[in-house]
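Printed here is upload.cif (mmCIF, C-alpha atoms and all ligand atoms):
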data_structure
#
loop_
_atom_site.label_atom_id
_atom_site.label_comp_id
_atom_site.auth_asym_id
_atom_site.auth_seq_id
_atom_site.Cartn_x
_atom_site.Cartn_y
_atom_site.Cartn_z
CA MET J 119 -54.50 161.45 79.49
CA THR J 120 -58.20 160.93 79.27
CA SER J 121 -61.45 162.19 77.92
CA SER J 122 -63.35 163.84 80.75
CA ASP J 123 -66.87 163.02 79.62
CA ALA J 124 -66.48 159.35 78.94
CA PRO J 125 -70.06 158.34 79.82
CA ALA J 126 -71.45 160.75 77.20
CA MET J 127 -68.94 159.43 74.68
CA ARG J 128 -69.85 155.88 75.54
CA HIS J 129 -73.51 156.59 74.97
CA TRP J 130 -72.80 158.31 71.68
CA LEU J 131 -70.58 155.49 70.44
CA ARG J 132 -73.18 152.91 71.37
CA LEU J 133 -75.77 154.81 69.34
CA PHE J 134 -73.35 155.10 66.46
CA VAL J 135 -72.48 151.41 66.45
CA GLY J 136 -76.16 150.54 66.69
CA LEU J 137 -77.00 152.80 63.76
CA PHE J 138 -74.16 151.38 61.73
CA ALA J 139 -75.36 147.83 62.32
CA LEU J 140 -78.84 148.85 61.17
CA LEU J 141 -77.76 150.73 58.08
CA SER J 142 -74.97 148.63 56.61
CA PRO J 143 -75.67 145.59 54.49
CA LEU J 144 -74.26 142.30 55.76
CA GLY J 145 -71.47 142.28 53.18
CA ALA J 146 -70.15 145.63 54.40
CA ARG J 147 -70.13 144.47 58.03
CA SER J 148 -67.55 141.80 57.24
CA GLN J 149 -65.24 144.68 56.34
CA THR J 150 -65.06 145.75 59.98
CA ILE J 151 -63.18 144.46 62.98
CA PRO J 152 -65.93 142.70 64.89
CA ALA J 153 -66.68 143.93 68.40
CA LEU J 154 -67.84 141.59 71.12
CA PRO J 155 -71.27 142.35 72.58
CA GLY J 156 -71.10 145.29 74.96
CA ASN J 157 -67.93 146.68 73.44
CA GLU J 158 -68.14 149.85 71.45
CA PHE J 159 -65.52 149.48 68.75
CA ARG J 160 -65.99 151.85 65.91
CA PRO J 161 -66.10 150.08 62.57
CA LEU J 162 -62.79 150.42 60.75
CA ASP J 163 -62.17 149.48 57.17
CA VAL J 164 -59.84 146.48 57.01
CA GLU J 165 -58.77 147.37 53.47
CA LEU J 166 -57.77 150.88 54.55
CA LEU J 167 -55.80 149.45 57.49
CA LYS J 168 -53.98 147.09 55.15
CA ALA J 169 -53.33 149.79 52.59
CA ALA J 170 -51.77 151.94 55.34
CA GLY J 171 -49.46 149.07 56.30
CA LEU J 172 -51.07 148.43 59.68
CA ARG J 173 -51.37 144.99 61.17
CA THR J 174 -53.79 143.76 63.81
CA ILE J 175 -53.09 141.34 66.65
CA GLU J 176 -56.25 140.00 68.25
CA GLY J 177 -56.16 139.10 71.93
CA ARG J 178 -58.97 138.31 74.31
CA ARG J 179 -58.83 141.73 76.01
CA LEU J 180 -56.76 143.72 73.55
CA VAL J 181 -56.95 144.26 69.83
CA LEU J 182 -53.65 145.85 68.92
CA VAL J 183 -53.34 147.79 65.68
CA THR J 184 -49.79 148.84 64.90
CA ASP J 185 -47.32 149.81 62.23
CA LEU J 186 -44.51 148.08 64.14
CA PRO J 187 -43.10 144.90 62.64
CA SER J 188 -43.67 141.60 64.40
CA ARG J 189 -41.43 141.27 67.45
CA PRO J 190 -41.91 139.34 70.69
CA ASP J 191 -42.07 142.46 72.89
CA VAL J 192 -44.84 143.89 70.67
CA ASP J 193 -46.74 140.71 69.85
CA GLU J 194 -46.97 139.73 73.53
CA LEU J 195 -48.85 142.93 74.49
CA PRO J 196 -52.31 141.28 74.30
CA ILE J 197 -51.09 138.70 76.84
CA VAL J 198 -49.78 141.46 79.11
CA PHE J 199 -53.13 143.23 78.79
CA GLU J 200 -55.12 140.13 79.62
CA GLN J 201 -53.20 139.70 82.87
CA ALA J 202 -53.70 143.39 83.61
CA PHE J 203 -57.46 143.01 83.24
CA GLY J 204 -57.62 140.57 86.16
CA GLN J 205 -55.59 142.97 88.30
CA TRP J 206 -57.74 145.96 87.32
CA CYS J 207 -60.80 143.93 88.36
CA ASP J 208 -59.16 143.20 91.74
CA TYR J 209 -57.97 146.73 92.35
CA CYS J 210 -60.67 148.91 90.81
CA GLY J 211 -63.71 146.75 91.40
CA PRO J 212 -64.94 143.76 89.45
CA ALA J 213 -66.49 143.84 86.03
CA ASP J 214 -70.13 142.75 85.99
CA ALA J 215 -71.60 140.15 83.66
CA HIS J 216 -72.06 142.73 80.90
CA ASP J 217 -68.35 143.57 81.00
CA ARG J 218 -67.00 140.02 80.86
CA ALA J 219 -66.47 140.51 77.16
CA TRP J 220 -64.59 143.77 77.86
CA ARG J 221 -61.99 144.59 75.25
CA VAL J 222 -59.94 147.56 74.26
CA ARG J 223 -58.55 148.45 70.88
CA ALA J 224 -55.13 150.06 71.06
CA PHE J 225 -53.36 151.89 68.28
CA LEU J 226 -49.62 151.64 68.86
CA MET J 227 -48.13 154.21 66.52
CA VAL J 228 -44.76 154.98 64.99
CA ASP J 229 -46.07 157.08 62.09
CA GLN J 230 -49.36 158.75 62.92
CA ALA J 231 -49.99 159.62 59.26
CA LYS J 232 -50.69 155.93 58.57
CA PHE J 233 -53.33 155.89 61.31
CA ASP J 234 -54.84 159.10 59.97
CA ALA J 235 -55.08 157.51 56.52
CA ALA J 236 -56.72 154.40 57.97
CA GLY J 237 -59.36 156.40 59.83
CA ALA J 238 -58.03 155.27 63.21
CA MET J 239 -57.80 158.75 64.72
CA LEU J 240 -60.94 160.30 66.17
CA PRO J 241 -61.54 163.95 65.27
CA GLU J 242 -62.11 164.78 68.96
CA LEU J 243 -58.66 163.48 69.96
CA PRO J 244 -56.61 166.35 71.39
CA LYS J 245 -52.91 166.73 70.65
CA PHE J 246 -51.17 164.27 72.98
CA LYS J 247 -47.56 163.52 73.72
CA HIS J 248 -47.55 159.87 74.79
CA GLY J 249 -51.01 158.37 74.90
CA PHE J 250 -54.73 158.93 75.19
CA ALA J 251 -57.82 156.88 76.06
CA ILE J 252 -61.42 157.39 75.00
CA GLY J 253 -63.78 154.66 76.12
CA HIS J 254 -62.66 151.35 74.62
CA GLU J 255 -59.99 152.92 72.42
CA ILE J 256 -56.40 153.80 73.25
CA TRP J 257 -53.72 155.58 71.28
CA VAL J 258 -50.09 155.13 72.32
CA ARG J 259 -46.97 156.45 70.65
CA GLU J 260 -44.12 153.97 70.21
CA GLN J 261 -41.31 154.31 72.82
CA PRO J 262 -37.61 153.43 72.79
CA THR J 263 -37.95 150.83 75.56
CA PRO J 264 -40.34 147.87 75.91
CA TYR J 265 -40.87 148.85 79.57
CA TYR J 266 -42.15 152.33 78.80
CA ARG J 267 -44.26 151.14 75.86
CA ARG J 268 -46.01 148.67 78.21
CA HIS J 269 -46.22 151.35 80.91
CA LEU J 270 -48.12 153.72 78.61
CA LEU J 271 -50.41 150.96 77.38
CA LEU J 272 -51.21 149.97 80.99
CA HIS J 273 -51.62 153.61 82.01
CA GLU J 274 -54.17 154.20 79.24
CA GLY J 275 -55.71 150.78 79.90
CA THR J 276 -56.36 151.85 83.50
CA HIS J 277 -58.16 154.96 82.26
CA SER J 278 -60.14 152.84 79.84
CA TYR J 279 -61.15 150.41 82.60
CA MET J 280 -62.21 153.25 84.91
CA GLN J 281 -64.12 155.06 82.14
CA THR J 282 -66.01 152.09 80.80
CA ILE J 283 -66.46 149.79 83.79
CA ARG J 284 -66.45 152.23 86.72
CA SER J 285 -67.92 155.09 84.67
CA GLY J 286 -65.80 157.63 86.50
CA LEU J 287 -62.20 158.75 86.78
CA GLY J 288 -62.19 161.02 89.81
CA PRO J 289 -60.30 164.33 89.75
CA PRO J 290 -57.20 164.63 87.51
CA TRP J 291 -54.70 163.91 90.31
CA TYR J 292 -56.47 160.65 91.09
CA ALA J 293 -57.15 159.65 87.48
CA GLU J 294 -53.48 160.13 86.61
CA GLY J 295 -52.13 158.92 89.96
CA LEU J 296 -54.08 155.68 89.66
CA ALA J 297 -53.11 155.20 86.01
CA GLU J 298 -49.46 155.74 86.97
CA LEU J 299 -49.73 153.53 90.05
CA LEU J 300 -51.17 150.63 88.05
CA GLY J 301 -49.10 151.44 84.97
CA THR J 302 -45.88 151.04 86.97
CA HIS J 303 -45.33 147.34 86.70
CA ARG J 304 -43.04 144.36 86.59
CA TRP J 305 -43.11 141.95 83.66
CA GLU J 306 -40.89 138.99 84.33
CA GLY J 307 -41.02 135.39 83.15
CA GLY J 308 -44.39 136.00 81.52
CA LYS J 309 -45.94 137.26 84.76
CA LEU J 310 -47.29 140.77 85.15
CA THR J 311 -47.42 142.65 88.47
CA LEU J 312 -49.17 146.01 88.47
CA ASP J 313 -48.74 148.52 91.32
CA TRP J 314 -45.01 147.84 91.51
CA PHE J 315 -42.80 150.23 93.46
CA PRO J 316 -39.54 150.29 91.45
CA ARG J 317 -36.57 148.92 93.41
CA THR J 318 -34.02 150.27 90.97
CA ARG J 319 -33.87 152.61 88.01
CA GLU J 320 -32.92 149.69 85.78
CA GLU J 321 -36.25 147.97 86.53
CA VAL J 322 -38.19 150.79 84.89
CA PRO J 323 -36.13 152.21 82.02
CA GLN J 324 -37.29 155.60 80.74
CA LEU J 325 -39.81 156.07 83.60
CA GLY J 326 -37.85 158.61 85.63
CA ARG J 327 -40.69 159.57 88.01
CA ILE J 328 -38.56 159.25 91.16
CA LYS J 329 -35.76 161.31 89.65
CA LEU J 330 -38.22 164.02 88.63
CA VAL J 331 -39.56 164.32 92.19
CA ARG J 332 -36.04 164.31 93.63
CA ASP J 333 -34.89 166.98 91.17
CA MET J 334 -37.88 169.21 91.88
CA VAL J 335 -37.39 168.90 95.64
CA ALA J 336 -33.68 169.67 95.26
CA ALA J 337 -34.67 172.80 93.29
CA GLY J 338 -36.88 173.91 96.20
CA ARG J 339 -40.10 172.94 94.44
CA LEU J 340 -41.58 170.43 96.89
CA MET J 341 -45.26 170.36 95.97
CA PRO J 342 -47.57 170.53 99.01
CA LEU J 343 -50.42 168.04 99.31
CA GLU J 344 -53.16 170.54 98.45
CA GLN J 345 -51.32 171.56 95.32
CA VAL J 346 -51.04 167.96 94.09
CA LEU J 347 -54.74 167.48 94.77
CA ALA J 348 -55.44 170.58 92.63
CA THR J 349 -53.55 169.20 89.60
CA PRO J 350 -55.31 170.56 86.50
CA GLY J 351 -56.87 168.34 83.87
CA THR J 352 -54.67 169.06 80.87
CA LEU J 353 -51.36 167.41 81.54
CA ASN J 354 -49.97 166.90 78.09
CA ALA J 355 -46.93 169.13 78.29
CA ASN J 356 -44.43 167.26 80.47
CA ASN J 357 -44.04 164.42 82.93
CA GLU J 358 -43.70 166.43 86.16
CA PRO J 359 -47.40 166.37 87.13
CA TYR J 360 -47.46 162.62 86.46
CA ALA J 361 -44.51 162.18 88.80
CA TRP J 362 -46.26 164.06 91.63
CA CYS J 363 -49.58 162.29 91.11
CA TRP J 364 -47.89 158.90 91.01
CA ALA J 365 -45.85 159.64 94.13
CA LEU J 366 -48.94 160.64 96.12
CA ALA J 367 -50.85 157.57 94.95
CA ALA J 368 -47.84 155.37 95.79
CA LEU J 369 -47.64 156.84 99.30
CA LEU J 370 -51.36 156.36 99.96
CA ASP J 371 -51.34 152.87 98.51
CA GLY J 372 -48.13 151.72 100.16
CA THR J 373 -48.48 153.11 103.70
CA PRO J 374 -50.34 150.68 105.97
CA ALA J 375 -52.20 153.49 107.80
CA TYR J 376 -53.67 154.79 104.52
CA ARG J 377 -53.92 151.76 102.25
CA GLU J 378 -57.38 150.52 103.15
CA ARG J 379 -58.94 153.96 102.86
CA PHE J 380 -57.17 154.69 99.59
CA ARG J 381 -58.31 151.42 98.06
CA GLN J 382 -61.94 152.50 98.51
CA MET J 383 -61.34 155.34 96.09
CA PRO J 384 -62.13 153.61 92.74
CA GLU J 385 -65.64 153.25 94.13
CA ALA J 386 -65.62 156.93 95.13
CA ALA J 387 -64.60 157.82 91.55
CA SER J 388 -67.65 155.90 90.32
CA SER J 389 -69.92 157.71 92.75
CA GLY J 390 -69.20 161.16 91.32
CA GLN J 391 -68.46 162.35 94.88
CA PHE J 392 -64.77 161.65 94.94
CA GLU J 393 -63.63 164.93 96.49
CA LYS J 394 -66.07 164.74 99.40
CA ARG J 395 -65.36 161.09 100.10
CA PHE J 396 -61.60 161.41 99.84
CA ARG J 397 -61.48 164.34 102.29
CA ALA J 398 -63.92 162.63 104.65
CA ALA J 399 -61.82 159.44 104.64
CA PHE J 400 -58.67 161.35 105.65
CA ALA J 401 -60.27 164.13 107.73
CA ASP J 402 -59.08 162.79 111.10
CA ASP J 403 -55.39 162.73 110.18
CA TRP J 404 -55.20 165.26 107.35
CA ARG J 405 -52.32 167.21 108.87
CA GLU J 406 -50.39 163.99 109.51
CA LEU J 407 -50.99 162.98 105.89
CA SER J 408 -49.70 166.35 104.71
CA ASP J 409 -46.51 165.94 106.80
CA GLN J 410 -46.11 162.32 105.71
CA TRP J 411 -46.41 163.45 102.09
CA GLU J 412 -43.76 166.15 102.46
CA VAL J 413 -41.36 163.77 104.21
CA PHE J 414 -41.93 161.06 101.60
CA ALA J 415 -41.55 163.44 98.66
CA SER J 416 -38.35 164.92 100.09
CA THR J 417 -36.74 161.52 100.78
CA ILE J 418 -38.13 159.37 97.94
CA GLU J 419 -35.85 156.57 96.74
CA HIS J 420 -36.09 153.53 94.52
CA GLY J 421 -37.07 150.69 96.83
CA HIS J 422 -38.53 153.14 99.37
CA ASP J 423 -39.68 151.16 102.41
CA LEU J 424 -43.03 152.85 103.00
CA GLU J 425 -43.90 150.70 105.97
CA ARG J 426 -40.71 151.32 107.96
CA SER J 427 -40.32 154.95 106.97
CA ALA J 428 -43.90 155.88 107.94
CA ILE J 429 -43.80 158.57 110.63
CA ARG J 430 -44.79 157.26 114.08
CA PHE J 431 -46.95 160.19 115.21
CA ALA J 432 -47.76 160.87 118.87
CA PRO J 433 -48.20 164.23 120.62
CA GLY J 434 -45.50 165.05 123.18
CA LYS J 435 -45.88 166.02 126.83
CA PRO J 436 -43.84 168.78 128.48
CA LEU J 437 -40.58 167.58 129.97
CA ALA J 438 -41.04 166.45 133.57
CA GLY J 439 -38.30 167.16 136.11
CA SER J 440 -34.74 167.54 134.94
CA GLY J 441 -35.01 165.37 131.87
CA THR J 442 -35.86 162.05 130.30
CA VAL J 443 -34.34 159.33 128.12
CA VAL J 444 -36.09 158.10 124.98
CA GLU J 445 -35.29 155.05 122.88
CA VAL J 446 -35.15 155.40 119.11
CA ARG J 447 -35.30 152.38 116.82
CA VAL J 448 -32.75 152.52 114.03
CA ASP J 449 -34.81 150.44 111.56
CA LEU J 450 -37.67 152.98 111.35
CA GLY J 451 -38.19 156.52 110.09
CA TRP J 452 -39.34 159.44 112.27
CA GLN J 453 -40.55 158.47 115.74
CA SER J 454 -42.19 160.76 118.25
CA SER J 455 -40.04 161.15 121.36
CA GLY J 456 -43.20 161.79 123.38
CA VAL J 457 -41.55 165.00 124.61
CA GLU J 458 -42.88 168.47 123.93
CA LEU J 459 -40.26 171.23 123.71
CA GLN J 460 -41.32 174.80 124.57
CA ALA J 461 -40.69 177.75 122.26
CA GLY J 462 -37.73 179.91 123.29
CA ARG J 463 -36.30 177.45 125.85
CA SER J 464 -33.03 175.58 125.27
CA TYR J 465 -32.71 171.82 125.49
CA ARG J 466 -29.63 169.69 125.61
CA LEU J 467 -29.90 166.45 123.61
CA SER J 468 -27.29 163.71 123.90
CA ALA J 469 -27.30 160.32 122.26
CA ASN J 470 -25.56 157.07 122.96
CA GLY J 471 -25.72 153.50 121.77
CA ARG J 472 -24.19 151.15 119.27
CA TYR J 473 -26.24 149.76 116.42
CA GLN J 474 -25.98 148.00 113.09
CA LEU J 475 -26.48 149.74 109.77
CA GLY J 476 -26.02 146.67 107.64
CA GLN J 477 -25.09 143.04 107.83
CA LYS J 478 -23.45 142.43 104.49
CA PRO J 479 -20.70 141.62 103.74
CA GLN J 480 -20.19 141.87 107.50
CA ILE J 481 -21.97 143.61 110.37
CA TRP J 482 -21.55 147.33 110.03
CA TRP J 483 -21.48 148.97 113.47
CA CYS J 484 -22.35 152.59 114.02
CA GLU J 485 -22.62 155.11 116.86
CA PRO J 486 -24.75 158.29 117.13
CA GLY J 487 -22.13 160.41 115.32
CA GLY J 488 -22.66 158.31 112.19
CA VAL J 489 -20.06 156.98 109.80
CA THR J 490 -18.20 159.59 107.81
CA MET J 491 -17.06 157.17 105.11
CA ARG J 492 -20.58 157.18 103.72
CA TYR J 493 -23.02 160.08 103.52
CA HIS J 494 -26.73 160.15 102.94
CA ALA J 495 -28.73 163.33 102.25
CA GLY J 496 -25.65 165.42 102.97
CA LEU J 497 -25.07 164.01 106.48
CA PRO J 498 -23.06 161.04 107.75
CA LEU J 499 -24.92 157.75 107.47
CA GLY J 500 -26.32 156.61 110.82
CA LEU J 501 -26.11 160.07 112.42
CA VAL J 502 -28.85 160.74 114.99
CA VAL J 503 -31.10 163.56 113.71
CA GLY J 504 -34.09 165.40 115.13
CA ALA J 505 -36.86 167.83 114.23
CA ILE J 506 -39.57 169.65 116.14
CA ARG J 507 -43.07 169.27 114.78
CA PRO J 508 -44.92 172.42 115.90
CA ASN J 509 -48.21 171.96 117.72
CA ALA J 510 -49.77 174.50 115.36
CA PRO J 511 -49.08 173.99 111.65
CA THR J 512 -46.80 176.57 110.07
CA ARG J 513 -48.60 177.88 107.01
CA GLY J 514 -46.76 177.95 103.71
CA GLN J 515 -43.69 176.21 105.12
CA PRO J 516 -42.83 172.56 104.62
CA THR J 517 -42.94 170.51 107.83
CA PRO J 518 -39.65 170.68 109.79
CA LEU J 519 -39.67 166.86 109.52
CA ALA J 520 -38.65 167.37 105.89
CA LYS J 521 -35.45 169.13 107.04
CA PRO J 522 -33.84 167.26 109.95
CA ASP J 523 -31.28 168.86 112.25
CA PRO J 524 -28.15 166.91 113.19
CA ILE J 525 -27.86 165.74 116.81
CA GLY J 526 -25.04 163.18 116.61
CA LEU J 527 -23.49 162.67 120.05
CA GLY J 528 -25.03 165.89 121.33
CA ALA J 529 -26.68 169.17 120.34
CA THR J 530 -28.67 172.05 121.77
CA PHE J 531 -32.15 172.81 120.41
CA THR J 532 -33.95 176.11 121.01
CA PRO J 533 -37.30 175.76 119.26
CA GLN J 534 -39.03 178.76 117.70
CA ASP J 535 -42.40 177.07 118.10
CA THR J 536 -43.62 174.74 120.81
CA GLY J 537 -43.87 171.23 119.44
CA THR J 538 -43.04 167.55 119.73
CA LEU J 539 -39.49 166.32 119.27
CA TYR J 540 -39.12 163.64 116.58
CA LEU J 541 -36.03 161.49 116.22
CA ARG J 542 -34.49 159.00 113.79
CA ILE J 543 -31.14 158.06 112.38
CA ASN J 544 -29.97 159.30 109.00
CA ASP J 545 -30.36 156.48 106.49
CA SER J 546 -31.93 155.84 103.11
CA PRO J 547 -35.63 154.93 103.38
CA ALA J 548 -34.77 152.05 101.05
CA GLU J 549 -32.22 150.60 103.48
CA LEU J 550 -33.93 150.48 106.87
CA ALA J 551 -34.72 146.76 106.91
CA ASP J 552 -31.15 145.65 107.64
CA ASN J 553 -30.63 148.04 110.55
CA VAL J 554 -30.59 146.51 114.02
CA GLY J 555 -30.66 148.15 117.41
CA LYS J 556 -31.66 151.24 119.31
CA VAL J 557 -30.15 154.50 120.32
CA GLU J 558 -30.87 156.31 123.57
CA VAL J 559 -31.43 160.05 123.46
CA ARG J 560 -31.38 162.02 126.70
CA VAL J 561 -33.41 165.25 126.64
CA GLU J 562 -32.66 167.85 129.33
CA ALA J 563 -33.71 171.43 129.85
CA ASP J 564 -30.58 173.56 129.53
ZN ZN A 601 -53.39 159.59 81.80
#
Show me this structure written as structure tokens.
Amino acid sequence: MTSSDAPAMRHWLRLFVGLFALLSPLGARSQTIPALPGNEFRPLDVELLKAAGLRTIEGRRLVLVTDLPSRPDVDELPIVFEQAFGQWCDYCGPADAHDRAWRVRAFLMVDQAKFDAAGAMLPELPKFKHGFAIGHEIWVREQPTPYYRRHLLLHEGTHSYMQTIRSGLGPPWYAEGLAELLGTHRWEGGKLTLDWFPRTREEVPQLGRIKLVRDMVAAGRLMPLEQVLATPGTLNANNEPYAWCWALAALLDGTPAYRERFRQMPEAASSGQFEKRFRAAFADDWRELSDQWEVFASTIEHGHDLERSAIRFAPGKPLAGSGTVVEVRVDLGWQSSGVELQAGRSYRLSANGRYQLGQKPQIWWCEPGGVTMRYHAGLPLGLVVGAIRPNAPTRGQPTPLAKPDPIGLGATFTPQDTGTLYLRINDSPAELADNVGKVEVRVEAD
């Protein structure tokens, strides 16, 4: 959650701090938490903070004000934040000389009434569920798990960095997607890693973004690309929009074909021309991106292998002669067969080969019919599947690549629309790396 007109706020706060410094006698200034040059901390009354039972932990990048008792997972937050600062600089663009003293003051709250009494809440703060950032100040509600508490602090910290150093957030989907992308982290052995794609649910207790996307897709509510991009600015009600925005940011950041372009976007957010620059950057493969998004969203897993599962796009050519044989790698997601199937005609597909689906505890062999002792996405694991990607996009319908048809040892396809045949085996996108081998698929006109 963010304030949308941060630059105006920043200007106003600077004026206010300046005025305060002019008007207050020296004795009164010692009653405030000092701000480093270039940082716009509002003056707060130390006596009021004390009276409200709030304590302050001063770090280099984070001043934490909280009503939580001293505990390692709370008291270490300024160290976490300091490591995050270096990673924000790397990811979002470096701080200039003026911002080297950059700090944020965070209010980590169990009982908001205490923060009200201490004057820590700004009157312009909207009602918020988890957290909010305005300029150099952050408010975060205490959470049941240390992971999610850090996550919210890093989420709001990302907003704060973008507001104060980059002076722009971009549209809501990007502001929230980026804050979720960089808020999703690993903290292990005193080392912080932002932009962490969770490998398991246990790594990110209470986060639940992957489950939310999976549940919405299962309920028939796959959100198309354009709809995610149109995410509205007031997101306080529930976590679903955050899940979609994170998933899109994670796809763009984690897919080799998109990563470099996506990582230019903090600069685009600064420029005030985000929308134009984002669409221009992806104009040449917009439809592919839309399909990739729908496939990713409908197959998302913890540990999703974005590199291997990326669709290998290539337009097909009409079948020459009586038929052809195409090779399909079993350690990748969708691959173009290079064959175009014509609407209304029937094609006979048959597959053969022997390949490995795993190597532990021993090599796990599989054939095109799959293994029926283990299912994935409602079909036998390792089963050969196919889909026809129409030459002309079908409006309002998810890409057929999001709903594969079984081929197994053999099947007949009669496409409704002319398009390219795509093939893969049925496996979790998190478990492609240990697959070995190829399968041959023969395509013949019936
Ligand atoms: Zn936010």
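Counting all atoms listed in the file and comparing J:Gly390, J:Gly488, J:Gly326, J:Pro479, the residue that lies closest to Gly286 (chain J) is J:Gly390.
Of the residues under consideration (J:Arg513, J:Arg447, J:Lys168, J:Arg463), J:Lys168 shows the shortest atom-to-atom contact distance to Ala236 (chain J) when counting only C-alpha atoms.
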Mind dumping a table of every chain J residue within 8 Å of ligand ZN 601 (chain A), with the nearest atom pair and its distance in Å to one decimal, using all atoms listed in the file, sorted by chain and rising number, as a Markdown table?
| residue | atom | partner | partner_atom | distance |
| --- | --- | --- | --- | --- |
| J:Met119 | CA | A:ZN601 | ZN | 3.2 |
| J:Thr120 | CA | A:ZN601 | ZN | 5.6 |
| J:Gly249 | CA | A:ZN601 | ZN | 7.4 |
| J:Phe250 | CA | A:ZN601 | ZN | 6.8 |
| J:Ala251 | CA | A:ZN601 | ZN | 7.7 |
| J:His273 | CA | A:ZN601 | ZN | 6.2 |
| J:Glu274 | CA | A:ZN601 | ZN | 6.0 |
| J:His277 | CA | A:ZN601 | ZN | 6.7 |
| J:Ala293 | CA | A:ZN601 | ZN | 6.8 |
| J:Glu294 | CA | A:ZN601 | ZN | 4.8 |
| J:Ala297 | CA | A:ZN601 | ZN | 6.1 |
| J:Glu298 | CA | A:ZN601 | ZN | 7.5 |
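Here CA of Thr512 (chain J) is placed at a distance of 26.8 Å from CA of Gly372 (chain J).
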Practice problem: Compare J:Leu475, J:Asn553, J:Gly496, J:Ala563 by their minimum atom-to-atom distance to Ala438 (chain J), counting all atoms listed in the file, and give me the closest one. | Solution: J:Ala563
Quiz item: Could you name the residues that touch Gly237 (chain J) at 12 Å or less, counting all atoms listed in the file, but leaving out those on the same chain fewer than 3 positions away, as a VMD selection string?
Solution: chain J and resid 160 to 170 172 225 230 to 234 240 to 241
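CA of Ser427 (chain J) is found 19.5 Å from CA of Phe400 (chain J).
In this comparison, which uses only C-alpha atoms, the residue of J:Thr311, J:Gln345, J:Thr184, J:Ser468 approaching Tyr209 (chain J) most closely is J:Thr311.
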Quiz prompt | Spatial sel., origin (-50.5, 164.0, 107.0), limit 12 Å, only C-alpha atoms, listed as a VMD selection string | solution = chain J and resid 342 to 344 366 369 to 370 373 375 to 376 397 400 to 414 428 to 431 507 511 516 to 517 519
Quiz item: CA of Asn470 (chain J) and CA of Glu425 (chain J), how far apart in Å?
Solution: 25.8 Å
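Among the candidates J:Val322, J:Ile481, J:Ala235, J:Met227, the residue lying nearest to Lys247 (chain J) is J:Met227 (atoms considered: all atoms listed in the file).
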Quiz item: What's the 6 Å shell around Gln474 (chain J), counting all atoms listed in the file, without same-chain residues fewer than 2 positions away, as JSON, numbers by chain?
Solution: {"J": [476, 482, 483, 484, 553, 554]}
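For the residues J:Pro384, J:Pro533, J:Gly351, J:Pro316, ranking by smallest atom-to-atom distance to Ile283 (chain J) using only C-alpha atoms places J:Pro384 first.
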Exercise. List the neighbours of Lys329 (chain J) out to 12 Å using all atoms listed in the file; skip same-chain residues closer than 2 positions along the sequence, and give me the result as a PyMOL selection string.
Key: chain J and resi 316+318-319+322-327+331-336+357-358+361-362+365+415-420
Quiz prompt | Distance query 8 Å from (-42.0, 157.2, 116.4) using all atoms listed in the file, result as a PyMOL selection string | solution = chain J and resi 429-432+446+450-455+540-541
Take every atom of region 376-388 of chain J listed in the file, fit an axis-aligned box around them, add 4 Å per side, and give the centre and edge lengths in Å to one decimal as AutoDock Vina command-line options.
--center_x -60.7 --center_y 154.2 --center_z 97.4 --size_x 22.0 --size_y 15.3 --size_z 22.2
